[in-house]
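Here is the file model16.pdb (PDB, C-alpha atoms).
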```
ATOM      1  CA  MET A  52       0.000   0.000   0.000
ATOM      2  CA  SER A  53       2.829   2.391   0.847
ATOM      3  CA  ASP A  54       4.425   1.766  -2.572
ATOM      4  CA  ARG A  55       1.169   2.731  -4.254
ATOM      5  CA  ARG A  56       0.954   5.965  -2.252
ATOM      6  CA  ALA A  57       4.560   6.817  -3.014
ATOM      7  CA  ASP A  58       3.972   6.191  -6.721
ATOM      8  CA  ARG A  59       0.895   8.434  -6.695
ATOM      9  CA  LYS A  60       2.836  11.160  -4.891
ATOM     10  CA  GLY A  61       5.161  11.354  -7.872
ATOM     11  CA  LEU A  62       2.291  11.945 -10.272
ATOM     12  CA  GLY A  63       2.398  15.475 -11.597
ATOM     13  CA  ARG A  64       6.157  15.841 -11.248
ATOM     14  CA  GLY A  65       7.064  18.333 -13.961
ATOM     15  CA  LEU A  66       9.934  18.420 -16.401
ATOM     16  CA  SER A  67      11.377  21.418 -14.589
ATOM     17  CA  ALA A  68      11.569  19.375 -11.361
ATOM     18  CA  LEU A  69      13.508  16.666 -13.150
ATOM     19  CA  MET A  70      15.890  19.145 -14.736
ATOM     20  CA  GLY A  71      16.814  20.637 -11.373
ATOM     21  CA  ASP A  72      19.350  23.440 -11.721
ATOM     22  CA  VAL A  73      20.102  23.122 -15.426
ATOM     23  CA  ALA A  74      18.150  26.184 -16.532
ATOM     24  CA  PRO A  75      20.173  29.231 -17.665
ATOM     25  CA  ALA A  76      20.588  32.009 -15.106
ATOM     26  CA  PRO A  77      17.795  34.641 -15.230
ATOM     27  CA  GLU A  78      20.238  37.447 -16.048
ATOM     28  CA  ALA A  79      21.655  35.649 -19.087
ATOM     29  CA  SER A  80      21.050  37.788 -22.166
ATOM     30  CA  THR A  81      21.740  35.040 -24.719
ATOM     31  CA  PRO A  82      20.852  31.355 -24.744
ATOM     32  CA  VAL A  83      23.566  29.160 -23.283
ATOM     33  CA  PRO A  84      23.702  25.373 -23.202
ATOM     34  CA  ALA A  85      22.121  23.922 -20.080
ATOM     35  CA  ARG A  86      24.523  21.955 -17.881
ATOM     36  CA  SER A  87      24.272  18.205 -18.430
ATOM     37  CA  ASP A  88      25.344  15.256 -16.307
ATOM     38  CA  SER A  89      27.500  13.840 -19.081
ATOM     39  CA  LEU A  90      27.944  13.223 -22.787
ATOM     40  CA  VAL A  91      26.648   9.831 -23.857
ATOM     41  CA  PRO A  92      27.144   8.013 -27.184
ATOM     42  CA  ILE A  93      23.974   8.086 -29.249
ATOM     43  CA  GLU A  94      23.964   4.315 -29.601
ATOM     44  CA  ASP A  95      23.820   3.969 -25.787
ATOM     45  CA  ILE A  96      20.378   5.606 -25.735
ATOM     46  CA  ALA A  97      17.054   4.024 -26.708
ATOM     47  CA  PRO A  98      13.708   5.789 -27.226
ATOM     48  CA  ASN A  99      10.840   5.400 -24.785
ATOM     49  CA  PRO A 100       8.845   2.321 -25.919
ATOM     50  CA  ASP A 101       5.706   3.935 -24.499
ATOM     51  CA  GLN A 102       6.225   7.254 -26.280
ATOM     52  CA  PRO A 103       2.668   8.376 -27.093
ATOM     53  CA  ARG A 104       3.779  10.221 -30.212
ATOM     54  CA  ARG A 105       4.170   7.822 -33.124
ATOM     55  CA  ARG A 106       4.604  10.300 -35.978
ATOM     56  CA  PHE A 107       7.565  12.680 -36.250
ATOM     57  CA  ASP A 108       7.489  15.407 -38.899
ATOM     58  CA  GLU A 109      10.511  14.781 -41.119
ATOM     59  CA  ASP A 110      10.817  18.409 -42.284
ATOM     60  CA  ALA A 111      10.753  19.659 -38.695
ATOM     61  CA  LEU A 112      13.414  17.106 -37.726
ATOM     62  CA  ARG A 113      15.674  18.248 -40.573
ATOM     63  CA  ASP A 114      15.243  21.882 -39.484
ATOM     64  CA  LEU A 115      16.172  20.940 -35.935
ATOM     65  CA  ALA A 116      19.169  18.963 -37.205
ATOM     66  CA  ARG A 117      20.440  22.046 -39.067
ATOM     67  CA  SER A 118      20.064  24.114 -35.896
ATOM     68  CA  ILE A 119      21.983  21.489 -33.916
ATOM     69  CA  GLU A 120      24.765  21.499 -36.517
ATOM     70  CA  GLU A 121      25.143  25.277 -36.072
ATOM     71  CA  LYS A 122      24.559  25.747 -32.321
ATOM     72  CA  GLY A 123      24.724  22.300 -30.772
ATOM     73  CA  ILE A 124      22.123  20.843 -28.403
ATOM     74  CA  LEU A 125      21.158  23.607 -25.967
ATOM     75  CA  GLN A 126      18.824  21.465 -23.840
ATOM     76  CA  PRO A 127      20.049  18.055 -22.612
ATOM     77  CA  VAL A 128      18.068  14.914 -23.290
ATOM     78  CA  ILE A 129      16.527  13.587 -20.076
ATOM     79  CA  VAL A 130      17.147   9.850 -19.659
ATOM     80  CA  ARG A 131      16.894   7.128 -17.048
ATOM     81  CA  PRO A 132      18.930   3.945 -16.621
ATOM     82  CA  SER A 133      17.470   1.355 -18.964
ATOM     83  CA  PRO A 134      15.376  -1.234 -17.047
ATOM     84  CA  GLY A 135      16.789  -3.944 -19.317
ATOM     85  CA  GLY A 136      20.371  -2.782 -18.979
ATOM     86  CA  SER A 137      21.011  -2.525 -22.729
ATOM     87  CA  PRO A 138      21.354  -0.005 -24.137
ATOM     88  CA  ARG A 139      22.426   1.928 -21.050
ATOM     89  CA  TYR A 140      19.746   4.616 -21.056
ATOM     90  CA  GLN A 141      16.122   5.173 -22.040
ATOM     91  CA  ILE A 142      14.741   8.543 -23.110
ATOM     92  CA  VAL A 143      12.339  10.284 -20.740
ATOM     93  CA  ALA A 144      12.070  13.579 -22.645
ATOM     94  CA  GLY A 145      13.833  14.893 -25.722
ATOM     95  CA  GLU A 146      13.386  12.192 -28.342
ATOM     96  CA  ARG A 147      13.143  14.819 -31.094
ATOM     97  CA  ARG A 148      16.564  16.184 -30.129
ATOM     98  CA  TRP A 149      17.990  12.650 -30.074
ATOM     99  CA  ARG A 150      16.598  11.880 -33.539
ATOM    100  CA  ALA A 151      17.757  15.207 -34.943
ATOM    101  CA  ALA A 152      21.227  14.670 -33.465
ATOM    102  CA  GLN A 153      21.466  11.474 -35.483
ATOM    103  CA  LEU A 154      20.527  13.372 -38.642
ATOM    104  CA  ALA A 155      23.217  15.926 -37.730
ATOM    105  CA  ARG A 156      25.657  12.982 -37.398
ATOM    106  CA  LEU A 157      26.620  13.703 -33.815
ATOM    107  CA  HIS A 158      28.351  10.890 -31.982
ATOM    108  CA  ASP A 159      27.442  12.027 -28.444
ATOM    109  CA  VAL A 160      24.554  13.948 -26.871
ATOM    110  CA  PRO A 161      24.339  15.759 -23.500
ATOM    111  CA  VAL A 162      22.039  13.997 -21.053
ATOM    112  CA  LEU A 163      20.527  14.397 -17.614
ATOM    113  CA  VAL A 164      20.195  11.049 -15.838
ATOM    114  CA  ARG A 165      17.201  10.722 -13.526
ATOM    115  CA  ASP A 166      15.681   7.790 -11.625
ATOM    116  CA  ILE A 167      11.932   7.779 -12.265
ATOM    117  CA  THR A 168       9.171   5.164 -12.309
ATOM    118  CA  ASP A 169       7.435   3.771 -15.377
ATOM    119  CA  SER A 170       4.247   5.725 -14.630
ATOM    120  CA  GLU A 171       6.152   8.990 -14.131
ATOM    121  CA  MET A 172       7.972   8.363 -17.388
ATOM    122  CA  MET A 173       4.728   7.871 -19.294
ATOM    123  CA  GLU A 174       3.162  10.927 -17.671
ATOM    124  CA  LEU A 175       6.154  13.120 -18.503
ATOM    125  CA  ALA A 176       6.133  11.945 -22.120
ATOM    126  CA  ILE A 177       2.476  12.977 -22.396
ATOM    127  CA  VAL A 178       3.104  16.327 -20.677
ATOM    128  CA  GLU A 179       6.069  17.148 -22.892
ATOM    129  CA  ASN A 180       4.135  16.447 -26.090
ATOM    130  CA  ILE A 181       0.930  18.163 -24.999
ATOM    131  CA  GLN A 182       2.809  21.317 -23.992
ATOM    132  CA  ARG A 183       4.320  21.447 -27.467
ATOM    133  CA  ALA A 184       1.075  20.423 -29.240
ATOM    134  CA  ASP A 185       2.936  17.464 -30.747
ATOM    135  CA  LEU A 186       0.293  14.803 -30.143
ATOM    136  CA  ASN A 187      -2.675  14.175 -32.416
ATOM    137  CA  PRO A 188      -5.946  13.501 -30.525
ATOM    138  CA  ILE A 189      -5.723   9.713 -30.877
ATOM    139  CA  GLU A 190      -2.150   9.605 -29.556
ATOM    140  CA  GLU A 191      -3.224  11.752 -26.619
ATOM    141  CA  ALA A 192      -6.202   9.486 -25.928
ATOM    142  CA  GLU A 193      -4.055   6.350 -26.128
ATOM    143  CA  GLY A 194      -1.569   7.886 -23.687
ATOM    144  CA  TYR A 195      -4.329   8.587 -21.167
ATOM    145  CA  HIS A 196      -5.729   5.089 -21.648
ATOM    146  CA  ALA A 197      -2.316   3.516 -21.025
ATOM    147  CA  LEU A 198      -1.858   5.482 -17.797
ATOM    148  CA  MET A 199      -5.256   4.322 -16.544
ATOM    149  CA  ASP A 200      -4.941   0.730 -17.690
ATOM    150  CA  ARG A 201      -1.336  -0.050 -16.809
ATOM    151  CA  HIS A 202      -0.712   2.270 -13.867
ATOM    152  CA  ALA A 203      -4.148   2.390 -12.212
ATOM    153  CA  ARG A 204      -4.645   6.129 -12.628
ATOM    154  CA  THR A 205      -8.096   7.654 -12.258
ATOM    155  CA  GLN A 206      -9.413  10.387 -14.524
ATOM    156  CA  GLU A 207      -9.313  12.795 -11.597
ATOM    157  CA  GLU A 208      -5.645  12.039 -10.859
ATOM    158  CA  MET A 209      -4.682  12.492 -14.501
ATOM    159  CA  ALA A 210      -6.617  15.745 -14.758
ATOM    160  CA  GLN A 211      -4.788  17.182 -11.739
ATOM    161  CA  ALA A 212      -1.368  15.940 -12.819
ATOM    162  CA  LEU A 213      -1.626  16.996 -16.462
ATOM    163  CA  GLY A 214      -3.362  20.323 -15.925
ATOM    164  CA  LYS A 215      -6.484  19.260 -17.811
ATOM    165  CA  SER A 216     -10.143  19.185 -16.846
ATOM    166  CA  ARG A 217     -11.683  15.835 -16.015
ATOM    167  CA  SER A 218     -14.211  16.271 -18.820
ATOM    168  CA  HIS A 219     -11.350  16.801 -21.302
ATOM    169  CA  ILE A 220      -9.722  13.538 -20.183
ATOM    170  CA  ALA A 221     -13.048  11.695 -20.433
ATOM    171  CA  ASN A 222     -13.857  13.114 -23.867
ATOM    172  CA  MET A 223     -10.430  12.193 -25.214
ATOM    173  CA  LEU A 224     -10.711   8.649 -23.847
ATOM    174  CA  ARG A 225     -13.994   8.205 -25.715
ATOM    175  CA  LEU A 226     -12.114   8.560 -29.013
ATOM    176  CA  THR A 227     -10.561   5.121 -28.457
ATOM    177  CA  GLN A 228     -14.063   3.643 -28.903
ATOM    178  CA  LEU A 229     -14.108   4.650 -32.575
ATOM    179  CA  PRO A 230     -13.370   2.120 -35.343
ATOM    180  CA  GLY A 231      -9.725   1.909 -36.405
ATOM    181  CA  GLN A 232     -10.416   3.477 -39.806
ATOM    182  CA  VAL A 233     -11.938   6.566 -38.184
ATOM    183  CA  GLN A 234      -9.042   6.810 -35.730
ATOM    184  CA  ASP A 235      -6.633   6.726 -38.685
ATOM    185  CA  MET A 236      -8.479   9.699 -40.225
ATOM    186  CA  VAL A 237      -7.963  11.624 -36.985
ATOM    187  CA  ARG A 238      -4.275  10.677 -36.878
ATOM    188  CA  ARG A 239      -3.798  11.987 -40.420
ATOM    189  CA  GLY A 240      -5.621  15.205 -39.601
ATOM    190  CA  ASP A 241      -8.522  14.511 -41.974
ATOM    191  CA  LEU A 242     -10.888  14.720 -39.006
ATOM    192  CA  THR A 243     -10.635  16.885 -35.901
ATOM    193  CA  ALA A 244     -11.353  15.652 -32.383
ATOM    194  CA  GLY A 245     -14.650  17.547 -32.575
ATOM    195  CA  HIS A 246     -15.667  15.657 -35.702
ATOM    196  CA  ALA A 247     -14.662  12.373 -34.091
ATOM    197  CA  ARG A 248     -16.628  12.998 -30.884
ATOM    198  CA  ALA A 249     -19.764  13.575 -32.944
ATOM    199  CA  LEU A 250     -19.404  10.066 -34.409
ATOM    200  CA  ILE A 251     -18.914   8.085 -31.192
ATOM    201  CA  THR A 252     -22.590   7.134 -30.769
ATOM    202  CA  ALA A 253     -23.451   7.087 -34.500
ATOM    203  CA  ASP A 254     -24.765   3.891 -36.096
ATOM    204  CA  ASP A 255     -22.194   3.978 -38.938
ATOM    205  CA  PRO A 256     -19.246   6.101 -37.783
ATOM    206  CA  THR A 257     -16.931   4.945 -40.593
ATOM    207  CA  GLY A 258     -19.395   5.756 -43.367
ATOM    208  CA  LEU A 259     -20.249   9.111 -41.805
ATOM    209  CA  ALA A 260     -16.555   9.935 -41.378
ATOM    210  CA  GLU A 261     -15.938   9.307 -45.081
ATOM    211  CA  THR A 262     -18.864  11.593 -45.945
ATOM    212  CA  ILE A 263     -17.567  14.331 -43.635
ATOM    213  CA  VAL A 264     -14.103  14.212 -45.205
ATOM    214  CA  LYS A 265     -15.442  14.046 -48.760
ATOM    215  CA  LYS A 266     -17.788  17.014 -48.307
ATOM    216  CA  GLY A 267     -15.516  18.996 -45.981
ATOM    217  CA  LEU A 268     -18.261  19.346 -43.364
ATOM    218  CA  SER A 269     -17.881  21.460 -40.252
ATOM    219  CA  VAL A 270     -18.147  19.979 -36.761
ATOM    220  CA  ARG A 271     -21.671  21.370 -36.418
ATOM    221  CA  ASP A 272     -22.661  19.773 -39.728
ATOM    222  CA  ALA A 273     -21.095  16.517 -38.589
ATOM    223  CA  GLU A 274     -23.147  16.596 -35.382
ATOM    224  CA  ARG A 275     -26.346  17.061 -37.366
ATOM    225  CA  LEU A 276     -25.369  14.280 -39.760
ATOM    226  CA  ALA A 277     -24.637  11.903 -36.888
ATOM    227  CA  LYS A 278     -28.077  12.493 -35.363
ATOM    228  CA  GLY A 279     -29.683  11.194 -38.556
ATOM    229  CA  PRO A 280     -32.911  12.154 -40.346
ATOM    230  CA  ALA A 281     -34.819  12.299 -37.042
ATOM    231  CA  ALA A 282     -32.947  15.491 -36.168
ATOM    232  CA  GLU A 283     -34.267  17.153 -39.313
ATOM    233  CA  THR A 284     -37.910  16.132 -38.680
ATOM    234  CA  THR A 285     -38.248  17.300 -35.093
ATOM    235  CA  PRO A 286     -41.814  16.927 -33.758
ATOM    236  CA  LYS A 287     -43.670  20.182 -33.192
ATOM    237  CA  SER A 288     -43.994  19.478 -29.474
ATOM    238  CA  ALA A 289     -40.233  19.185 -29.175
ATOM    239  CA  ALA A 290     -39.656  22.243 -31.345
ATOM    240  CA  LEU A 291     -41.860  24.312 -29.057
ATOM    241  CA  ALA A 292     -40.191  23.061 -25.863
ATOM    242  CA  PRO A 293     -38.246  25.730 -23.971
ATOM    243  CA  GLU A 294     -34.483  25.774 -24.490
ATOM    244  CA  LYS A 295     -32.510  23.940 -21.811
ATOM    245  CA  ASP A 296     -30.790  26.121 -19.263
ATOM    246  CA  ALA A 297     -27.019  26.232 -18.896
ATOM    247  CA  ASP A 298     -27.033  24.050 -15.754
ATOM    248  CA  THR A 299     -28.941  21.269 -17.514
ATOM    249  CA  ARG A 300     -26.630  21.363 -20.525
ATOM    250  CA  ALA A 301     -23.580  21.337 -18.245
ATOM    251  CA  LEU A 302     -24.968  18.337 -16.338
ATOM    252  CA  GLU A 303     -25.602  16.513 -19.621
ATOM    253  CA  GLY A 304     -22.021  17.160 -20.678
ATOM    254  CA  GLU A 305     -20.597  16.009 -17.341
ATOM    255  CA  LEU A 306     -22.633  12.788 -17.323
ATOM    256  CA  SER A 307     -21.762  12.099 -20.966
ATOM    257  CA  ALA A 308     -18.066  12.603 -20.250
ATOM    258  CA  ASN A 309     -18.097  10.394 -17.160
ATOM    259  CA  LEU A 310     -20.082   7.559 -18.739
ATOM    260  CA  GLY A 311     -18.536   7.787 -22.201
ATOM    261  CA  MET A 312     -22.048   7.726 -23.700
ATOM    262  CA  LYS A 313     -24.568  10.270 -24.923
ATOM    263  CA  VAL A 314     -26.793  11.477 -22.070
ATOM    264  CA  GLN A 315     -29.943  13.568 -22.543
ATOM    265  CA  ILE A 316     -31.971  15.220 -19.780
ATOM    266  CA  ASP A 317     -35.590  16.335 -20.424
ATOM    267  CA  THR A 318     -37.507  18.059 -17.657
ATOM    268  CA  GLU A 319     -41.270  18.588 -17.489
ATOM    269  CA  THR A 320     -42.532  22.142 -17.512
ATOM    270  CA  GLY A 321     -43.574  23.459 -14.124
ATOM    271  CA  GLY A 322     -42.299  20.543 -12.068
ATOM    272  CA  GLY A 323     -39.255  18.774 -10.754
ATOM    273  CA  ARG A 324     -39.833  15.629 -12.780
ATOM    274  CA  GLY A 325     -38.224  14.574 -16.012
ATOM    275  CA  LYS A 326     -36.475  11.882 -17.998
ATOM    276  CA  LEU A 327     -32.800  10.926 -18.315
ATOM    277  CA  THR A 328     -31.818   9.000 -21.457
ATOM    278  CA  VAL A 329     -28.497   7.184 -21.906
ATOM    279  CA  ARG A 330     -27.699   6.012 -25.429
ATOM    280  CA  PHE A 331     -25.344   3.061 -25.869
ATOM    281  CA  GLY A 332     -23.799   1.986 -29.151
ATOM    282  CA  SER A 333     -23.273  -1.715 -28.409
ATOM    283  CA  PHE A 334     -24.056  -4.408 -25.859
ATOM    284  CA  GLU A 335     -20.473  -4.028 -24.619
ATOM    285  CA  GLU A 336     -21.192  -0.385 -23.763
ATOM    286  CA  LEU A 337     -24.404  -1.480 -22.026
ATOM    287  CA  ASP A 338     -22.404  -3.965 -19.959
ATOM    288  CA  ASP A 339     -19.940  -1.181 -19.063
ATOM    289  CA  LEU A 340     -22.837   1.040 -17.965
ATOM    290  CA  CYS A 341     -24.294  -1.729 -15.813
ATOM    291  CA  ARG A 342     -20.921  -2.260 -14.141
ATOM    292  CA  VAL A 343     -20.577   1.475 -13.429
ATOM    293  CA  LEU A 344     -24.076   1.689 -11.946
ATOM    294  CA  SER A 345     -23.550  -1.445  -9.863
ATOM    295  CA  ALA A 346     -20.203  -0.174  -8.536
ATOM    296  CA  THR A 347     -21.490   3.288  -7.627
ATOM    297  CA  HIS A 348     -24.609   1.850  -6.014
ATOM    298  CA  GLY A 349     -22.489  -0.495  -3.906
ATOM    299  CA  ALA A 350     -20.297   2.435  -2.825
ATOM    300  CA  GLY A 351     -23.306   4.539  -1.848
ATOM    301  CA  GLN A 352     -22.651   7.093  -4.586
ATOM    302  CA  VAL A 353     -24.950   8.692  -7.128
TER
END
```

Write the structure described by the file as structure tokens, please.
Amino acid sequence: MSDRRADRKGLGRGLSALMGDVAPAPEASTPVPARSDSLVPIEDIAPNPDQPRRRFDEDALRDLARSIEEKGILQPVIVRPSPGGSPRYQIVAGERRWRAAQLARLHDVPVLVRDITDSEMMELAIVENIQRADLNPIEEAEGYHALMDRHARTQEEMAQALGKSRSHIANMLRLTQLPGQVQDMVRRGDLTAGHARALITADDPTGLAETIVKKGLSVRDAERLAKGPAAETTPKSAALAPEKDADTRALEGELSANLGMKVQIDTETGGGRGKLTVRFGSFEELDDLCRVLSATHGAGQV
């Protein structure tokens, strides 16, 4: 139990904490190389196998390599001793610099050696990429999913550690429910995260995604398309219903984010009664919902 608490205490440890005193002095007028622990041969360093970013822009890497050729590596690569022992080190942060250094044909790179856990390493890799907007939405979602699945992190813990809202974490995690073909469209940038979220509860997300890309539809258009013909033939009674207040819409969004399913709240006029509708896209999702409701009921929660 104490090991678990100690591991959780490390969650949220920033890159600056790991780098310690390597930052340039505040009064420095020009950039100077940060002090490193040592120079390490490139071949003694391996990338992080759990690096959430899978795609590296080749043009950007070549630009960085040219900068390294002219000015050297100003910021050391943060590494840890390799758990397997070979090669000697594993990258915690700075894989772009390591890759660019190879393009620049450097034999050694400056490193900072730090002892950190697997979960801290994964968290820091996500933080580094998010801060630099280097992750596409699917890579970000997969990183969150890995932290939860392999290191027993809750959405609340991740939100606090990564500086994100809990609803953002939940919404990103829902993207992993999409078919692989749709996820590939998001990875390539053909679809935005907003487009993808609109398709999560659709009957044919792949077909709709192809239509959205082909026609260049906006997110709002995609949401209407995902709702189907019923959205265009709204009954008069529903059309005349008063618009939902901000609190109701916020509660719908919070419940949808927490459950990973579309939630709709309809209240009766002039009373405290109403109807809550949860839409599931498969029997697996229904089973997940039943497990959530059973767990929260057993814990005395709402």

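Going from atom CA of Val130 of chain A over to atom CA of Val143 of chain A, you cover 4.9 Å.
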
Would you be able to write out as a ChimeraX atom specification which residues have an atom within 10 Å of (4.8, 3.4, -24.8) in the file's coordinates, counting only C-alpha atoms? /A:98-105,169,172-173,176,193-194,197-198

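Residue membership of the PyMOL selection byres ((chain A and resi 238) around 12) in the shown file amounts to A:Arg104, A:Arg105, A:Arg106, A:Asp185, A:Leu186, A:Asn187, A:Pro188, A:Ile189, A:Glu190, A:Glu191, A:Ala192, A:Glu193, A:Leu226, A:Thr227, A:Gly231, A:Gln232, A:Val233, A:Gln234, A:Asp235, A:Met236, A:Val237, A:Arg239, A:Gly240, A:Asp241, A:Leu242, A:Thr243, A:Ala244, A:Ala247.
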
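Considering the residues A:Pro132, A:Gly214, A:Pro161, A:Gly304 and counting all atoms listed in the file, Ile177 of chain A has its shortest atom-to-atom contact with A:Gly214.
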
Please write as a PDB file with C-alpha atoms, keeping the file's coordinate frame the full residue list that the PyMOL selection byres ((chain A and resi 256-266) around 8) yields on this file.
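Result went into expr26.pdb, see below:
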```
ATOM      1  CA  LEU A 229     -14.108   4.650 -32.575  1.00  0.00           C
ATOM      2  CA  PRO A 230     -13.370   2.120 -35.343  1.00  0.00           C
ATOM      3  CA  GLN A 232     -10.416   3.477 -39.806  1.00  0.00           C
ATOM      4  CA  VAL A 233     -11.938   6.566 -38.184  1.00  0.00           C
ATOM      5  CA  ASP A 241      -8.522  14.511 -41.974  1.00  0.00           C
ATOM      6  CA  LEU A 242     -10.888  14.720 -39.006  1.00  0.00           C
ATOM      7  CA  ALA A 247     -14.662  12.373 -34.091  1.00  0.00           C
ATOM      8  CA  LEU A 250     -19.404  10.066 -34.409  1.00  0.00           C
ATOM      9  CA  ILE A 251     -18.914   8.085 -31.192  1.00  0.00           C
ATOM     10  CA  THR A 252     -22.590   7.134 -30.769  1.00  0.00           C
ATOM     11  CA  ALA A 253     -23.451   7.087 -34.500  1.00  0.00           C
ATOM     12  CA  ASP A 254     -24.765   3.891 -36.096  1.00  0.00           C
ATOM     13  CA  ASP A 255     -22.194   3.978 -38.938  1.00  0.00           C
ATOM     14  CA  GLY A 267     -15.516  18.996 -45.981  1.00  0.00           C
ATOM     15  CA  LEU A 268     -18.261  19.346 -43.364  1.00  0.00           C
ATOM     16  CA  SER A 269     -17.881  21.460 -40.252  1.00  0.00           C
ATOM     17  CA  ALA A 273     -21.095  16.517 -38.589  1.00  0.00           C
ATOM     18  CA  LEU A 276     -25.369  14.280 -39.760  1.00  0.00           C
ATOM     19  CA  ALA A 277     -24.637  11.903 -36.888  1.00  0.00           C
TER      20      ALA A 277
END
```

Fewer than 2 positions away in the same chain doesn't count, so skip those; otherwise give me all residues within 6 Å of Asp159 of chain A, counting all atoms listed in the file, as a ChimeraX atom specification. /A:90-93,157

Option closest in space to Gly145 of chain A, from A:Asp317, A:Glu120, A:Val178, A:Gly245 [counting only C-alpha atoms]: A:Val178

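Interatomic distance, atom CA of Thr168 of chain A to atom CA of Gln141 of chain A: 12.0 Å.
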
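The set of residues that the PyMOL selection byres ((chain A and resi 138) around 10) takes from this file is Ile93, Glu94, Asp95, Ile96, Ala97, Pro132, Ser133, Pro134, Gly135, Gly136, Ser137, Arg139, Tyr140 and Gln141 of chain A.
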
Report as a list in words all protein, DNA and RNA residues lying within 12 Å of Ala111 of chain A, evaluated on all atoms listed in the file, omitting residues in the same chain fewer than 6 positions from it. Arg117, Ser118, Arg147, Arg148, Arg150, Ala151, Leu154 and Asp185 of chain A

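One finds atom CA of Glu174 of chain A at 27.1 Å from atom CA of Arg113 of chain A.
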
Please report, as AutoDock Vina command-line options, the centre and edge lengths in Å to one decimal of an axis-aligned box covering all listed atoms of segment 111-116 of chain A with 8 Å per side.
```
--center_x 15.0 --center_y 19.5 --center_z -38.3 --size_x 24.4 --size_y 20.8 --size_z 20.6
```
